[in-house]
Protein chains: 2
Amino acid sequence: MPPKRIYLAGPEVFLRNAREIGEQKKARCKEHGFEGVFPLDNEVEVNGKSAREIGLCISGVNEDLIKTCDVVIANLTPFRGPSADVGTAYEIGFAHALGKLVFAYTNVSAPFTERTVKTLGGKVSWGGDGKLRDTQGMFIEEVELTDNLMLEGCIHASSKQLVVEDAPAGELFTYLGGFEKCLKLVQETVKI
Amino acid sequence: MPPKRIYLAGPEVFLRNAREIGEQKKARCKEHGFEGVFPLDNEVEVNGKSAREIGLCISGVNEDLIKTCDVVIANLTPFRGPSADVGTAYEIGFAHALGKLVFAYTNVSAPFTERTVKTLGGKVSWGGDGKLRDTQGMFIEEVELTDNLMLEGCIHASSKQLVVEDAPAGELFTYLGGFEKCLKLVQETVKI
């Protein structure tokens with residue numbers, strides 16, 4: 001039987017050394033008996049296409065890659081705001097609907113509420129209803145979840161446990177400790 | 001034949017008057033011959049549950065609501081950062097994988113690259129590869145898309161057109177002009 005295929009979702013595609021990190025993750029997958037699939041694995045034909053057209057092509061290519069996989073491991077480390085990368089959020093929604101097993105980790109242990117308040121520059125207040133709100137009156141989640149409830153709800157329903165670690169300084173998007181823990185969880189869950 | 005059901009995804013669930021906005025959107029749906037379904041429509045049993053347990057329940061309830069719908073109209077207005085709400089991103093990924101028709105609008109016309117640079121406080125620079133990067137060396141998308149390519153790719157593949165408008169001052173998350181345009185697009189696409 002071919003090894004189970006794991007789609008490696010996360011914002012590391014934006015790193016300068018994205019392909020190198022992708023290769024590192026794929027090597028770890030192989031050590032654990034799996035085949036890692038990185039979003040940049042499939043080349044997109046760029047000749048004659050505008051930047052916009054290439055972007056739209058990559059989206060379809062990534063969805064097709066997810067369809068070929070059995071499992072997703074998502075890096076939900078907060079990206080340019082209090083929450084995970086929206087592309088990664090989209091991909092785990094897509095995968096979960098298709099019945100793929102979705103595992104996830106984050107390299108930031110600070111609570112979601114604390115991260116949101118920090119992003120808002122501390123400009124928050126308690127409303128008359130006792131809820132913490134921003135300057136537009138919008139509710140700030142205080143439900144002791146790691147991120148938006150749709151994301152953690154997915155992981156809870158699918159693979160049960162979201163791995164939370166703190167990356168060493170300077171390794172926010174490259175630290176693979178939480179990713180390794182996910183691989184061990186996959187091993188415990190999926191027959192290789 | 002019962003009216004087509006439209007799931008109303010978006011960050012307005014965080015508004016103080018979320019239910020009121022939900023009712024407004026549902027009324028507009030009805031005027032166009034559809035049945036609107038708002039994420040807060042299904043009550044979650046809260047007795048004896050922790051805040052965390054309630055959050056996880058809401059996630060499953062929302063996914064079940066999406067499954068009952070034919071169409072999603074998503075509000076992709078940037079939320080606490082340069083991109084759409086991650087919960088909404090998750091939901092359109094989930095819906096698209098299930099073959100639901102996904103329409104979307106945003107109430108902010110400023111380009112994604114400009115919004116990202118603003119979020120980063122202008123701390124960006126062009127790398128040796130000619131790509132715009134943040135202080136961690138992470139690439140800033142410049143592909144002339146409205147948001148992360150997975151989101152716009154979904155809309156492009158599904159309903160073809162992402163509606164971009166600018167909300168009047170003070171109505172960032174309550175303005176329904178773009179939403180109305182989506183309803184008209186649904187009418188043109190779906191047999192009522």
# chains A, B, ... in the order shown; residues from 1 in each chain; ligands from 1

$ select_by_dssp --residues "range 4-192 of chain A" --states "helix (DSSP H, G or I)" --output "number ranges by chain"
A: 11-14, 18-31, 51-67, 86-97, 112-119, 149-158, 177-189

$ residues_around --residues "Glu63 in chain B" --least-positions-apart "2" --cutoff "10 Å" --atoms "only C-alpha atoms" --output "list in words"
Gly93, Ala97, Met150, Gly153 and Cys154 of chain A; Pro39, Ile58, Ser59, Gly60, Val61, Leu65, Ile66, Lys67, Thr68, Glu91, Phe94 and Ala95 of chain B

$ select_by_dssp --residues "range 18-174 of chain B" --states "strand (DSSP E)" --output "MDAnalysis selection string"
chainID B and resid 35:37 71:75 101:106 124:126 132:134 162:164

$ interface_residues --of "chain B" --to "chain A" --cutoff "6 Å" --atoms "only C-alpha atoms" --output "compact mmCIF listing (two decimals) with C-alpha atoms, in the first residue's frame"
# COMPACT_ATOMS: atom_id res chain seq x y z
CA PHE B 14 -19.42 39.68 16.17
CA LEU B 15 -21.51 42.88 15.99
CA ARG B 16 -23.47 44.10 19.00
CA ALA B 51 -17.46 28.53 27.16
CA ARG B 52 -15.01 26.30 25.28
CA GLY B 55 -17.67 27.42 21.06
CA LEU B 56 -16.95 23.94 19.73
CA SER B 59 -18.74 25.23 14.96
CA GLY B 81 -5.96 42.59 9.76
CA VAL B 86 -10.71 33.33 9.24
CA GLY B 87 -14.02 31.78 10.28
CA ALA B 89 -12.58 31.80 5.05
CA TYR B 90 -12.99 28.37 6.67
CA GLY B 93 -13.63 26.39 1.86
CA PHE B 94 -16.02 23.97 3.52
CA ALA B 97 -15.64 21.43 -1.30
CA GLY B 137 11.29 38.00 5.03
CA MET B 138 7.79 36.81 4.26
CA PHE B 139 6.41 37.56 0.83
CA VAL B 143 -1.03 39.48 -7.62
CA GLU B 144 -3.82 42.04 -8.00
CA ASN B 148 -5.36 35.56 -0.33
CA LEU B 149 -5.45 33.64 -3.60
CA MET B 150 -7.29 30.66 -2.08
CA GLY B 153 -9.70 31.48 -6.44

$ closest_residue --among "A:Ser159, A:Gln24, A:Thr174, A:Thr135" --to "Leu101 in chain A" --atoms "only C-alpha atoms"
A:Ser159
